[in-house]
>>> print(open('entry-v4.pdb').read())   # PDB, C-alpha atoms, pLDDT in the B column
ATOM      1  CA  MET S   1     151.412 240.710 107.268  1.00 46.00           C
ATOM      2  CA  SER S   2     150.892 240.637 110.878  1.00 43.00           C
ATOM      3  CA  SER S   3     151.789 237.690 112.958  1.00 46.00           C
ATOM      4  CA  VAL S   4     148.145 237.079 113.839  1.00 40.00           C
ATOM      5  CA  ARG S   5     147.075 236.773 110.263  1.00 46.00           C
ATOM      6  CA  ARG S   6     150.022 234.536 109.386  1.00 48.00           C
ATOM      7  CA  ALA S   7     149.105 232.240 112.214  1.00 44.00           C
ATOM      8  CA  ALA S   8     145.525 232.039 111.032  1.00 45.00           C
ATOM      9  CA  PHE S   9     146.596 231.242 107.485  1.00 45.00           C
ATOM     10  CA  VAL S  10     148.900 228.508 108.661  1.00 43.00           C
ATOM     11  CA  LEU S  11     146.075 227.003 110.700  1.00 46.00           C
ATOM     12  CA  VAL S  12     143.765 226.957 107.726  1.00 44.00           C
ATOM     13  CA  ALA S  13     146.400 225.348 105.558  1.00 45.00           C
ATOM     14  CA  VAL S  14     147.102 222.667 108.098  1.00 42.00           C
ATOM     15  CA  SER S  15     143.415 221.954 108.440  1.00 45.00           C
ATOM     16  CA  ALA S  16     143.081 221.559 104.705  1.00 44.00           C
ATOM     17  CA  LEU S  17     145.953 219.146 104.541  1.00 41.00           C
ATOM     18  CA  ALA S  18     144.482 217.198 107.354  1.00 44.00           C
ATOM     19  CA  LEU S  19     141.138 216.885 105.588  1.00 41.00           C
ATOM     20  CA  THR S  20     142.849 215.856 102.403  1.00 44.00           C
ATOM     21  CA  ALA S  21     144.757 213.124 104.123  1.00 42.00           C
ATOM     22  CA  CYS S  22     141.742 211.723 105.981  1.00 43.00           C
ATOM     23  CA  GLY S  23     139.120 211.977 103.242  1.00 46.00           C
ATOM     24  CA  PRO S  24     138.408 209.408 100.510  1.00 45.00           C
ATOM     25  CA  SER S  25     140.601 209.378  97.525  1.00 44.00           C
ATOM     26  CA  GLU S  26     139.299 210.593  94.263  1.00 43.00           C
ATOM     27  CA  ASP S  27     139.153 207.021  93.055  1.00 45.00           C
ATOM     28  CA  GLY S  28     136.902 206.069  95.976  1.00 43.00           C
ATOM     29  CA  ALA S  29     134.794 209.199  95.724  1.00 40.00           C
ATOM     30  CA  ALA S  30     131.539 209.411  93.954  1.00 42.00           C
ATOM     31  CA  GLY S  31     132.090 209.017  90.266  1.00 43.00           C
ATOM     32  CA  GLY S  32     135.508 207.385  90.715  1.00 46.00           C
ATOM     33  CA  PRO S  33     136.278 203.829  89.746  1.00 45.00           C
ATOM     34  CA  ASP S  34     135.321 201.328  92.422  1.00 47.00           C
ATOM     35  CA  VAL S  35     138.052 199.396  94.002  1.00 43.00           C
ATOM     36  CA  PRO S  36     137.123 195.737  93.512  1.00 45.00           C
ATOM     37  CA  ALA S  37     136.513 194.123  96.819  1.00 47.00           C
ATOM     38  CA  THR S  38     138.828 191.363  97.459  1.00 46.00           C
ATOM     39  CA  THR S  39     136.728 188.288  98.181  1.00 47.00           C
ATOM     40  CA  PRO S  40     138.512 185.823 100.285  1.00 46.00           C
ATOM     41  CA  PRO S  41     138.633 182.435  98.620  1.00 47.00           C
ATOM     42  CA  ALA S  42     135.908 180.152  99.753  1.00 47.00           C
ATOM     43  CA  SER S  43     137.150 177.900 102.353  1.00 46.00           C
ATOM     44  CA  THR S  44     137.241 174.504 100.901  1.00 45.00           C
ATOM     45  CA  SER S  45     136.498 171.921 103.529  1.00 45.00           C
ATOM     46  CA  PRO S  46     138.335 168.697 103.028  1.00 46.00           C
ATOM     47  CA  SER S  47     136.117 166.269 101.247  1.00 46.00           C
ATOM     48  CA  ALA S  48     134.960 163.345 103.319  1.00 46.00           C
ATOM     49  CA  PRO S  49     136.748 160.250 102.286  1.00 48.00           C
ATOM     50  CA  GLY S  50     134.451 158.079 100.113  1.00 50.00           C
ATOM     51  CA  LYS S  51     133.389 154.631 101.305  1.00 52.00           C
ATOM     52  CA  PRO S  52     135.565 151.954  99.874  1.00 50.00           C
ATOM     53  CA  SER S  53     133.795 150.319  96.971  1.00 53.00           C
ATOM     54  CA  THR S  54     132.512 146.773  97.650  1.00 54.00           C
ATOM     55  CA  PRO S  55     134.395 144.325  95.486  1.00 52.00           C
ATOM     56  CA  ALA S  56     132.150 142.517  93.044  1.00 55.00           C
ATOM     57  CA  LYS S  57     131.229 138.969  94.042  1.00 57.00           C
ATOM     58  CA  PRO S  58     132.909 136.370  91.914  1.00 53.00           C
ATOM     59  CA  SER S  59     130.439 134.959  89.425  1.00 56.00           C
ATOM     60  CA  THR S  60     129.188 131.429  90.204  1.00 55.00           C
ATOM     61  CA  PRO S  61     130.321 129.095  87.486  1.00 54.00           C
ATOM     62  CA  ALA S  62     127.404 127.616  85.565  1.00 53.00           C
ATOM     63  CA  LYS S  63     126.559 124.026  86.428  1.00 57.00           C
ATOM     64  CA  PRO S  64     127.511 121.683  83.662  1.00 50.00           C
ATOM     65  CA  THR S  65     124.451 120.436  81.868  1.00 50.00           C
ATOM     66  CA  SER S  66     124.317 116.717  81.406  1.00 49.00           C
ATOM     67  CA  SER S  67     123.429 115.548  77.981  1.00 51.00           C
ATOM     68  CA  ALA S  68     120.906 113.075  79.374  1.00 51.00           C
ATOM     69  CA  LYS S  69     119.581 112.237  82.824  1.00 57.00           C
ATOM     70  CA  PRO S  70     120.371 108.734  83.984  1.00 57.00           C
ATOM     71  CA  SER S  71     117.321 106.536  83.651  1.00 60.00           C
ATOM     72  CA  THR S  72     115.611 105.629  86.918  1.00 62.00           C
ATOM     73  CA  PRO S  73     115.517 101.866  87.376  1.00 58.00           C
ATOM     74  CA  ALA S  74     111.985 100.517  87.320  1.00 62.00           C
ATOM     75  CA  LYS S  75     110.609  99.553  90.692  1.00 62.00           C
ATOM     76  CA  PRO S  76     109.901  95.858  91.049  1.00 59.00           C
ATOM     77  CA  SER S  77     106.214  95.138  90.839  1.00 59.00           C
ATOM     78  CA  THR S  78     104.586  94.508  94.177  1.00 56.00           C
ATOM     79  CA  PRO S  79     102.889  91.128  94.269  1.00 53.00           C
ATOM     80  CA  ALA S  80      99.199  91.295  94.804  1.00 51.00           C
ATOM     81  CA  SER S  81      98.245  90.780  98.399  1.00 50.00           C
ATOM     82  CA  PRO S  82      96.500  87.480  99.003  1.00 52.00           C
ATOM     83  CA  SER S  83      92.764  87.481  99.541  1.00 50.00           C
ATOM     84  CA  THR S  84      91.464  87.761 103.085  1.00 59.00           C
ATOM     85  CA  ASP S  85      89.233  84.765 102.346  1.00 59.00           C
ATOM     86  CA  PRO S  86      90.472  81.988 104.685  1.00 59.00           C
ATOM     87  CA  ASP S  87      89.803  79.468 101.879  1.00 63.00           C
ATOM     88  CA  TYR S  88      92.000  81.402  99.412  1.00 64.00           C
ATOM     89  CA  GLY S  89      94.325  78.874  97.819  1.00 79.00           C
ATOM     90  CA  VAL S  90      92.379  75.866  99.160  1.00 90.00           C
ATOM     91  CA  PHE S  91      91.521  73.725  96.120  1.00 92.00           C
ATOM     92  CA  PRO S  92      88.444  71.516  95.594  1.00 94.00           C
ATOM     93  CA  CYS S  93      88.780  67.946  96.799  1.00 96.00           C
ATOM     94  CA  SER S  94      89.302  65.303  94.127  1.00 96.00           C
ATOM     95  CA  THR S  95      89.323  61.517  94.449  1.00 97.00           C
ATOM     96  CA  TYR S  96      93.105  61.760  94.864  1.00 96.00           C
ATOM     97  CA  ASP S  97      92.546  63.584  98.172  1.00 97.00           C
ATOM     98  CA  VAL S  98      89.968  61.327  99.865  1.00 98.00           C
ATOM     99  CA  THR S  99      88.989  57.802 100.831  1.00 98.00           C
ATOM    100  CA  PHE S 100      85.429  56.629 100.112  1.00 98.00           C
ATOM    101  CA  THR S 101      82.968  54.241 101.785  1.00 97.00           C
ATOM    102  CA  ALA S 102      79.269  53.431 101.399  1.00 97.00           C
ATOM    103  CA  SER S 103      77.249  51.859 104.233  1.00 96.00           C
ATOM    104  CA  LEU S 104      73.636  50.700 104.187  1.00 94.00           C
ATOM    105  CA  ALA S 105      71.493  53.207 106.041  1.00 93.00           C
ATOM    106  CA  GLU S 106      67.951  51.957 105.322  1.00 88.00           C
ATOM    107  CA  SER S 107      67.350  48.467 103.983  1.00 85.00           C
ATOM    108  CA  THR S 108      63.695  48.986 103.023  1.00 82.00           C
ATOM    109  CA  THR S 109      64.569  51.870 100.723  1.00 82.00           C
ATOM    110  CA  SER S 110      68.003  50.572  99.834  1.00 86.00           C
ATOM    111  CA  SER S 111      69.553  53.884 100.962  1.00 92.00           C
ATOM    112  CA  TYR S 112      73.273  54.246 101.581  1.00 96.00           C
ATOM    113  CA  LEU S 113      75.329  56.737 103.511  1.00 97.00           C
ATOM    114  CA  LEU S 114      78.310  57.886 101.456  1.00 98.00           C
ATOM    115  CA  LYS S 115      81.349  59.070 103.351  1.00 98.00           C
ATOM    116  CA  ILE S 116      84.625  60.673 102.242  1.00 98.00           C
ATOM    117  CA  THR S 117      87.622  61.400 104.486  1.00 98.00           C
ATOM    118  CA  ASN S 118      90.459  63.791 103.630  1.00 98.00           C
ATOM    119  CA  LYS S 119      93.701  61.812 103.471  1.00 97.00           C
ATOM    120  CA  SER S 120      95.832  64.404 101.667  1.00 95.00           C
ATOM    121  CA  GLY S 121      97.344  66.056 104.750  1.00 93.00           C
ATOM    122  CA  LYS S 122      96.143  69.511 103.633  1.00 96.00           C
ATOM    123  CA  PRO S 123      92.695  71.143 103.554  1.00 96.00           C
ATOM    124  CA  CYS S 124      90.471  70.945 100.486  1.00 96.00           C
ATOM    125  CA  ARG S 125      86.973  72.179  99.682  1.00 95.00           C
ATOM    126  CA  VAL S 126      84.053  69.814  99.092  1.00 96.00           C
ATOM    127  CA  LEU S 127      81.902  71.139  96.256  1.00 95.00           C
ATOM    128  CA  GLY S 128      78.422  70.240  95.078  1.00 95.00           C
ATOM    129  CA  HIS S 129      77.101  66.671  94.857  1.00 96.00           C
ATOM    130  CA  PRO S 130      79.007  63.409  94.478  1.00 97.00           C
ATOM    131  CA  ILE S 131      78.846  61.959  90.978  1.00 97.00           C
ATOM    132  CA  VAL S 132      77.616  58.372  91.435  1.00 97.00           C
ATOM    133  CA  THR S 133      77.478  55.695  88.753  1.00 97.00           C
ATOM    134  CA  PHE S 134      76.168  52.129  89.121  1.00 96.00           C
ATOM    135  CA  GLY S 135      78.459  49.267  88.171  1.00 90.00           C
ATOM    136  CA  ASP S 136      78.319  48.627  84.451  1.00 90.00           C
ATOM    137  CA  LEU S 137      75.006  50.450  83.983  1.00 92.00           C
ATOM    138  CA  ASP S 138      74.697  53.654  82.064  1.00 91.00           C
ATOM    139  CA  GLY S 139      73.646  56.878  83.716  1.00 92.00           C
ATOM    140  CA  GLN S 140      74.173  58.309  87.168  1.00 95.00           C
ATOM    141  CA  ALA S 141      72.195  59.262  90.242  1.00 96.00           C
ATOM    142  CA  THR S 142      70.259  62.504  89.927  1.00 96.00           C
ATOM    143  CA  GLN S 143      71.065  65.407  92.245  1.00 96.00           C
ATOM    144  CA  ARG S 144      68.666  66.071  95.105  1.00 94.00           C
ATOM    145  CA  GLY S 145      68.540  69.401  96.857  1.00 91.00           C
ATOM    146  CA  THR S 146      70.677  72.499  96.312  1.00 89.00           C
ATOM    147  CA  ALA S 147      74.365  72.444  97.056  1.00 88.00           C
ATOM    148  CA  PRO S 148      75.962  75.378  98.956  1.00 83.00           C
ATOM    149  CA  GLY S 149      77.769  77.974  96.861  1.00 83.00           C
ATOM    150  CA  ILE S 150      81.522  77.928  96.611  1.00 78.00           C
ATOM    151  CA  GLU S 151      81.741  80.520  99.395  1.00 80.00           C
ATOM    152  CA  GLU S 152      79.804  78.210 101.754  1.00 85.00           C
ATOM    153  CA  ALA S 153      81.437  74.992 100.590  1.00 91.00           C
ATOM    154  CA  ILE S 154      82.664  72.614 103.277  1.00 94.00           C
ATOM    155  CA  ARG S 155      86.321  73.096 104.185  1.00 95.00           C
ATOM    156  CA  LEU S 156      87.616  69.623 104.834  1.00 96.00           C
ATOM    157  CA  GLU S 157      90.711  69.624 107.014  1.00 97.00           C
ATOM    158  CA  ALA S 158      93.084  66.666 106.983  1.00 96.00           C
ATOM    159  CA  GLY S 159      91.351  63.674 108.598  1.00 97.00           C
ATOM    160  CA  GLU S 160      87.886  65.241 108.533  1.00 97.00           C
ATOM    161  CA  SER S 161      84.876  63.689 106.757  1.00 98.00           C
ATOM    162  CA  ALA S 162      81.852  64.790 104.713  1.00 98.00           C
ATOM    163  CA  TYR S 163      78.646  62.827 103.971  1.00 98.00           C
ATOM    164  CA  ALA S 164      75.993  62.386 101.294  1.00 98.00           C
ATOM    165  CA  GLY S 165      72.832  60.247 101.139  1.00 97.00           C
ATOM    166  CA  LEU S 166      72.242  57.911  98.180  1.00 97.00           C
ATOM    167  CA  MET S 167      68.595  56.874  97.871  1.00 93.00           C
ATOM    168  CA  GLY S 168      67.701  53.552  96.277  1.00 89.00           C
ATOM    169  CA  GLY S 169      65.468  53.460  93.230  1.00 86.00           C
ATOM    170  CA  LEU S 170      61.934  52.119  93.183  1.00 85.00           C
ATOM    171  CA  LYS S 171      61.561  48.539  92.043  1.00 86.00           C
ATOM    172  CA  ASP S 172      59.791  48.156  88.762  1.00 86.00           C
ATOM    173  CA  ALA S 173      59.992  46.040  85.619  1.00 87.00           C
ATOM    174  CA  LYS S 174      62.962  48.051  84.352  1.00 88.00           C
ATOM    175  CA  SER S 175      64.961  48.334  87.602  1.00 89.00           C
ATOM    176  CA  LYS S 176      68.118  46.342  88.175  1.00 92.00           C
ATOM    177  CA  THR S 177      70.370  45.606  91.112  1.00 91.00           C
ATOM    178  CA  VAL S 178      74.101  46.221  91.349  1.00 93.00           C
ATOM    179  CA  SER S 179      76.712  45.150  93.897  1.00 94.00           C
ATOM    180  CA  SER S 180      78.921  48.259  93.722  1.00 96.00           C
ATOM    181  CA  ILE S 181      78.965  51.932  92.842  1.00 97.00           C
ATOM    182  CA  ALA S 182      81.683  54.299  91.719  1.00 98.00           C
ATOM    183  CA  MET S 183      82.092  57.936  92.833  1.00 98.00           C
ATOM    184  CA  THR S 184      83.978  60.986  91.554  1.00 97.00           C
ATOM    185  CA  MET S 185      84.051  64.493  93.038  1.00 97.00           C
ATOM    186  CA  ASP S 186      82.710  67.713  91.607  1.00 94.00           C
ATOM    187  CA  THR S 187      85.784  69.920  91.114  1.00 92.00           C
ATOM    188  CA  GLU S 188      84.209  72.455  88.712  1.00 88.00           C
ATOM    189  CA  SER S 189      86.990  71.591  86.275  1.00 88.00           C
ATOM    190  CA  ASP S 190      88.014  68.961  83.765  1.00 86.00           C
ATOM    191  CA  LEU S 191      90.495  67.451  86.180  1.00 86.00           C
ATOM    192  CA  GLU S 192      90.740  63.757  85.458  1.00 91.00           C
ATOM    193  CA  GLN S 193      89.985  61.605  88.481  1.00 95.00           C
ATOM    194  CA  VAL S 194      90.203  57.938  89.299  1.00 96.00           C
ATOM    195  CA  PRO S 195      86.679  56.756  90.331  1.00 96.00           C
ATOM    196  CA  LEU S 196      86.512  55.386  93.870  1.00 98.00           C
ATOM    197  CA  LYS S 197      84.443  52.233  94.300  1.00 97.00           C
ATOM    198  CA  ALA S 198      82.377  50.998  97.226  1.00 97.00           C
ATOM    199  CA  SER S 199      80.404  47.818  97.822  1.00 95.00           C
ATOM    200  CA  THR S 200      76.566  48.141  97.705  1.00 94.00           C
ATOM    201  CA  PRO S 201      75.128  44.611  97.540  1.00 90.00           C
ATOM    202  CA  GLY S 202      71.527  44.467  96.269  1.00 87.00           C
ATOM    203  CA  LEU S 203      71.254  48.177  95.472  1.00 91.00           C
ATOM    204  CA  ASN S 204      68.176  48.689  93.306  1.00 91.00           C
ATOM    205  CA  VAL S 205      68.857  50.998  90.383  1.00 93.00           C
ATOM    206  CA  SER S 206      66.082  52.789  88.508  1.00 91.00           C
ATOM    207  CA  ALA S 207      65.292  56.233  87.197  1.00 90.00           C
ATOM    208  CA  THR S 208      64.552  57.417  90.734  1.00 91.00           C
ATOM    209  CA  ASN S 209      67.977  56.964  92.342  1.00 94.00           C
ATOM    210  CA  SER S 210      69.128  60.297  93.755  1.00 96.00           C
ATOM    211  CA  VAL S 211      71.976  61.664  95.862  1.00 97.00           C
ATOM    212  CA  THR S 212      72.202  64.668  98.180  1.00 96.00           C
ATOM    213  CA  ALA S 213      74.907  67.316  98.230  1.00 96.00           C
ATOM    214  CA  TRP S 214      77.844  66.785 100.586  1.00 97.00           C
ATOM    215  CA  MET S 215      77.049  67.654 104.207  1.00 95.00           C
ATOM    216  CA  ASP S 216      79.236  68.028 107.269  1.00 95.00           C
ATOM    217  CA  ASN S 217      77.146  65.484 109.232  1.00 95.00           C
ATOM    218  CA  ALA S 218      75.442  62.149 108.470  1.00 95.00           C
ATOM    219  CA  GLU S 219      72.015  63.089 109.866  1.00 94.00           C
ATOM    220  CA  ASP S 220      71.494  65.942 107.420  1.00 92.00           C
ATOM    221  CA  ALA S 221      72.771  63.826 104.556  1.00 94.00           C
ATOM    222  CA  LEU S 222      70.084  61.159 105.127  1.00 91.00           C
ATOM    223  CA  SER S 223      67.190  63.457 106.004  1.00 87.00           C
ATOM    224  CA  LEU S 224      66.861  65.283 102.712  1.00 72.00           C
TER
END
>>> encode(input="entry-v4.pdb", output="structure tokens")
Amino acid sequence: MSSVRRAAFVLVAVSALALTACGPSEDGAAGGPDVPATTPPASTSPSAPGKPSTPAKPSTPAKPTSSAKPSTPAKPSTPASPSTDPDYGVFPCSTYDVTFTASLAESTTSSYLLKITNKSGKPCRVLGHPIVTFGDLDGQATQRGTAPGIEEAIRLEAGESAYAGLMGGLKDAKSKTVSSIAMTMDTESDLEQVPLKASTPGLNVSATNSVTAWMDNAEDALSL
């Protein structure tokens, strides 16, 4: 073989070897088994540290239940407020509270002015008409006129006086004369009283003797 042909053959052989070395292996060629790709392990990032758990609150101990509540002491009763009436607590005058006089006011009619004066040192109320009896005779003087109600009754302060008019009876065959009278007060109760006496010489007593309600002045007492 000539040197030219040997050189050409050597070149071809070298080229073939070079292609064999650079080309894919039979395993990587078509139809060959695939080389499993090596997958790098997933990078595991460090887990964030968890929040510290909140400690449970200590349970509140149950309040002890009392077997029975202590009884509440009763409040003392409040006394009723006194009435706004200025005469509240002022009692009716009795013969124990007053002095009594009778003076001749009109001789032709045998009329007398009756007068009481509060000697008790405290106020009292004068109610209604005086109750007048005649010596040892039965009966009493009739009431003349209307007496004020208890709300309008005279308030008799210590030392003050009230008046009533006693009218003499008409003279007739049955009339009699007496030298004194006795008087008790209207107290609207059964309070026992000692009758107060006054001198009335020559007073004619008949069915027509009458007496007015108590007044706070003598003029009104004699004009009714």
>>> atom_distance(input="entry-v4.pdb", atom1="atom CA of Thr117 of chain S", atom2="atom CA of Gly159 of chain S")
6.0 Å
>>> closest_atom_pairs(input="entry-v4.pdb", of="segment 76-174 of chain S", to="segment 199-222 of chain S", cutoff="9 Å", atoms="all atoms listed in the file", output="Markdown table")
| residue | atom | partner | partner_atom | distance |
| --- | --- | --- | --- | --- |
| S:Thr101 | CA | S:Ser199 | CA | 8.0 |
| S:Ala102 | CA | S:Ser199 | CA | 6.8 |
| S:Ser103 | CA | S:Thr200 | CA | 7.5 |
| S:Leu104 | CA | S:Thr200 | CA | 7.6 |
| S:Ala105 | CA | S:Leu222 | CA | 8.1 |
| S:Thr109 | CA | S:Asn204 | CA | 8.8 |
| S:Ser110 | CA | S:Leu203 | CA | 5.9 |
| S:Ser111 | CA | S:Leu203 | CA | 8.1 |
| S:Tyr112 | CA | S:Thr200 | CA | 7.9 |
| S:Leu113 | CA | S:Leu222 | CA | 7.0 |
| S:Leu114 | CA | S:Ala221 | CA | 8.7 |
| S:Lys115 | CA | S:Ala218 | CA | 8.4 |
| S:Val126 | CA | S:Trp214 | CA | 7.1 |
| S:Leu127 | CA | S:Trp214 | CA | 7.4 |
| S:Gly128 | CA | S:Ala213 | CA | 5.6 |
| S:His129 | CA | S:Ala213 | CA | 4.1 |
| S:Pro130 | CA | S:Ala213 | CA | 6.8 |
| S:Ile131 | CA | S:Val211 | CA | 8.4 |
| S:Val132 | CA | S:Val211 | CA | 7.9 |
| S:Phe134 | CA | S:Val205 | CA | 7.5 |
| S:Leu137 | CA | S:Val205 | CA | 8.9 |
| S:Gln140 | CA | S:Asn209 | CA | 8.2 |
| S:Ala141 | CA | S:Ser210 | CA | 4.8 |
| S:Thr142 | CA | S:Ser210 | CA | 4.6 |
| S:Gln143 | CA | S:Val211 | CA | 5.3 |
| S:Arg144 | CA | S:Thr212 | CA | 4.9 |
| S:Gly145 | CA | S:Thr212 | CA | 6.1 |
| S:Thr146 | CA | S:Ala213 | CA | 7.0 |
| S:Ala147 | CA | S:Ala213 | CA | 5.3 |
| S:Pro148 | CA | S:Ala213 | CA | 8.2 |
| S:Ala153 | CA | S:Trp214 | CA | 9.0 |
| S:Ile154 | CA | S:Asp216 | CA | 7.0 |
| S:Leu156 | CA | S:Asp216 | CA | 8.9 |
| S:Ser161 | CA | S:Asp216 | CA | 7.1 |
| S:Ala162 | CA | S:Asp216 | CA | 4.9 |
| S:Tyr163 | CA | S:Met215 | CA | 5.1 |
| S:Ala164 | CA | S:Ala221 | CA | 4.8 |
| S:Gly165 | CA | S:Leu222 | CA | 4.9 |
| S:Leu166 | CA | S:Val211 | CA | 4.4 |
| S:Met167 | CA | S:Ser210 | CA | 5.4 |
| S:Gly168 | CA | S:Asn209 | CA | 5.2 |
| S:Gly169 | CA | S:Asn209 | CA | 4.4 |
| S:Leu170 | CA | S:Ser206 | CA | 6.3 |
| S:Lys171 | CA | S:Asn204 | CA | 6.7 |
| S:Asp172 | CA | S:Ser206 | CA | 7.8 |
| S:Lys174 | CA | S:Ser206 | CA | 7.0 |
>>> residues_around(input="entry-v4.pdb", residues="Pro195 of chain S", least_positions_apart="6", cutoff="7 Å", atoms="only C-alpha atoms", output="JSON, numbers by chain")
{"S": [95, 182, 183, 184]}
>>> write_last_selection(input="entry-v4.pdb", atoms="C-alpha atoms", output="compact mmCIF listing (two decimals), keeping the file's coordinate frame")
# COMPACT_ATOMS: atom_id res chain seq x y z
CA THR S 95 89.32 61.52 94.45
CA ALA S 182 81.68 54.30 91.72
CA MET S 183 82.09 57.94 92.83
CA THR S 184 83.98 60.99 91.55
>>> residues_near_point(input="entry-v4.pdb", point="(98.7, 68.0, 103.0)", cutoff="12 Å", atoms="only C-alpha atoms", output="count of residues only")
17
>>> atom_distance(input="entry-v4.pdb", atom1="atom CA of Ile116 of chain S", atom2="atom CA of Thr177 of chain S")
23.5 Å
>>> resolve_selection(input="entry-v4.pdb", expression="the PyMOL selection byres ((chain S and resi 188) around 9)", output="list in words")
Pro92, Leu127, Gly128, Asp186, Thr187, Ser189, Asp190 and Leu191 of chain S
>>> atom_distance(input="entry-v4.pdb", atom1="atom CA of Ser107 of chain S", atom2="atom CA of Gly135 of chain S")
19.3 Å
>>> decode(input="entry-v4.pdb", residues="segment 167-187 of chain S", atoms="N, CA and C atoms", output="PDB file, in the first residue's frame")
ATOM      1  N   MET S 167    -129.272  83.062 129.169  1.00  0.00           N
ATOM      2  CA  MET S 167    -130.485  83.874 129.157  1.00  0.00           C
ATOM      3  C   MET S 167    -131.474  83.355 130.216  1.00  0.00           C
ATOM      4  N   GLY S 168    -132.025  84.309 130.968  1.00  0.00           N
ATOM      5  CA  GLY S 168    -132.994  83.937 131.998  1.00  0.00           C
ATOM      6  C   GLY S 168    -134.301  83.456 131.388  1.00  0.00           C
ATOM      7  N   GLY S 169    -135.004  82.610 132.135  1.00  0.00           N
ATOM      8  CA  GLY S 169    -136.280  82.102 131.656  1.00  0.00           C
ATOM      9  C   GLY S 169    -137.417  83.076 131.932  1.00  0.00           C
ATOM     10  N   LEU S 170    -138.479  82.943 131.152  1.00  0.00           N
ATOM     11  CA  LEU S 170    -139.659  83.766 131.338  1.00  0.00           C
ATOM     12  C   LEU S 170    -140.366  83.378 132.629  1.00  0.00           C
ATOM     13  N   LYS S 171    -140.890  84.395 133.306  1.00  0.00           N
ATOM     14  CA  LYS S 171    -141.608  84.129 134.552  1.00  0.00           C
ATOM     15  C   LYS S 171    -143.020  83.645 134.235  1.00  0.00           C
ATOM     16  N   ASP S 172    -143.357  82.550 134.828  1.00  0.00           N
ATOM     17  CA  ASP S 172    -144.706  82.025 134.706  1.00  0.00           C
ATOM     18  C   ASP S 172    -145.045  81.267 135.984  1.00  0.00           C
ATOM     19  N   ALA S 173    -146.188  80.622 135.997  1.00  0.00           N
ATOM     20  CA  ALA S 173    -146.641  79.941 137.217  1.00  0.00           C
ATOM     21  C   ALA S 173    -145.716  78.805 137.605  1.00  0.00           C
ATOM     22  N   LYS S 174    -144.983  78.258 136.631  1.00  0.00           N
ATOM     23  CA  LYS S 174    -144.125  77.102 136.928  1.00  0.00           C
ATOM     24  C   LYS S 174    -142.663  77.503 137.126  1.00  0.00           C
ATOM     25  N   SER S 175    -142.283  78.732 136.849  1.00  0.00           N
ATOM     26  CA  SER S 175    -140.883  79.131 136.966  1.00  0.00           C
ATOM     27  C   SER S 175    -140.451  79.247 138.421  1.00  0.00           C
ATOM     28  N   LYS S 176    -139.187  79.110 138.630  1.00  0.00           N
ATOM     29  CA  LYS S 176    -138.614  79.198 139.984  1.00  0.00           C
ATOM     30  C   LYS S 176    -137.328  80.007 139.913  1.00  0.00           C
ATOM     31  N   THR S 177    -136.878  80.469 141.036  1.00  0.00           N
ATOM     32  CA  THR S 177    -135.621  81.214 141.088  1.00  0.00           C
ATOM     33  C   THR S 177    -134.582  80.405 141.850  1.00  0.00           C
ATOM     34  N   VAL S 178    -133.325  80.579 141.432  1.00  0.00           N
ATOM     35  CA  VAL S 178    -132.216  79.894 142.100  1.00  0.00           C
ATOM     36  C   VAL S 178    -131.137  80.913 142.388  1.00  0.00           C
ATOM     37  N   SER S 179    -130.277  80.621 143.335  1.00  0.00           N
ATOM     38  CA  SER S 179    -129.207  81.559 143.723  1.00  0.00           C
ATOM     39  C   SER S 179    -127.839  81.143 143.181  1.00  0.00           C
ATOM     40  N   SER S 180    -127.785  79.997 142.495  1.00  0.00           N
ATOM     41  CA  SER S 180    -126.482  79.564 141.943  1.00  0.00           C
ATOM     42  C   SER S 180    -126.711  78.605 140.767  1.00  0.00           C
ATOM     43  N   ILE S 181    -125.699  78.488 139.973  1.00  0.00           N
ATOM     44  CA  ILE S 181    -125.705  77.527 138.859  1.00  0.00           C
ATOM     45  C   ILE S 181    -124.416  76.704 138.924  1.00  0.00           C
ATOM     46  N   ALA S 182    -124.423  75.608 138.228  1.00  0.00           N
ATOM     47  CA  ALA S 182    -123.222  74.781 138.120  1.00  0.00           C
ATOM     48  C   ALA S 182    -122.913  74.568 136.632  1.00  0.00           C
ATOM     49  N   MET S 183    -121.635  74.469 136.278  1.00  0.00           N
ATOM     50  CA  MET S 183    -121.237  74.364 134.877  1.00  0.00           C
ATOM     51  C   MET S 183    -120.180  73.268 134.696  1.00  0.00           C
ATOM     52  N   THR S 184    -120.349  72.476 133.651  1.00  0.00           N
ATOM     53  CA  THR S 184    -119.305  71.541 133.203  1.00  0.00           C
ATOM     54  C   THR S 184    -119.036  71.814 131.719  1.00  0.00           C
ATOM     55  N   MET S 185    -117.888  71.352 131.242  1.00  0.00           N
ATOM     56  CA  MET S 185    -117.471  71.609 129.866  1.00  0.00           C
ATOM     57  C   MET S 185    -117.827  70.430 128.957  1.00  0.00           C
ATOM     58  N   ASP S 186    -118.054  70.764 127.701  1.00  0.00           N
ATOM     59  CA  ASP S 186    -118.241  69.735 126.687  1.00  0.00           C
ATOM     60  C   ASP S 186    -116.845  69.265 126.247  1.00  0.00           C
ATOM     61  N   THR S 187    -116.538  68.005 126.531  1.00  0.00           N
ATOM     62  CA  THR S 187    -115.222  67.467 126.133  1.00  0.00           C
ATOM     63  C   THR S 187    -115.349  66.394 125.061  1.00  0.00           C
TER      64      THR S 187
END
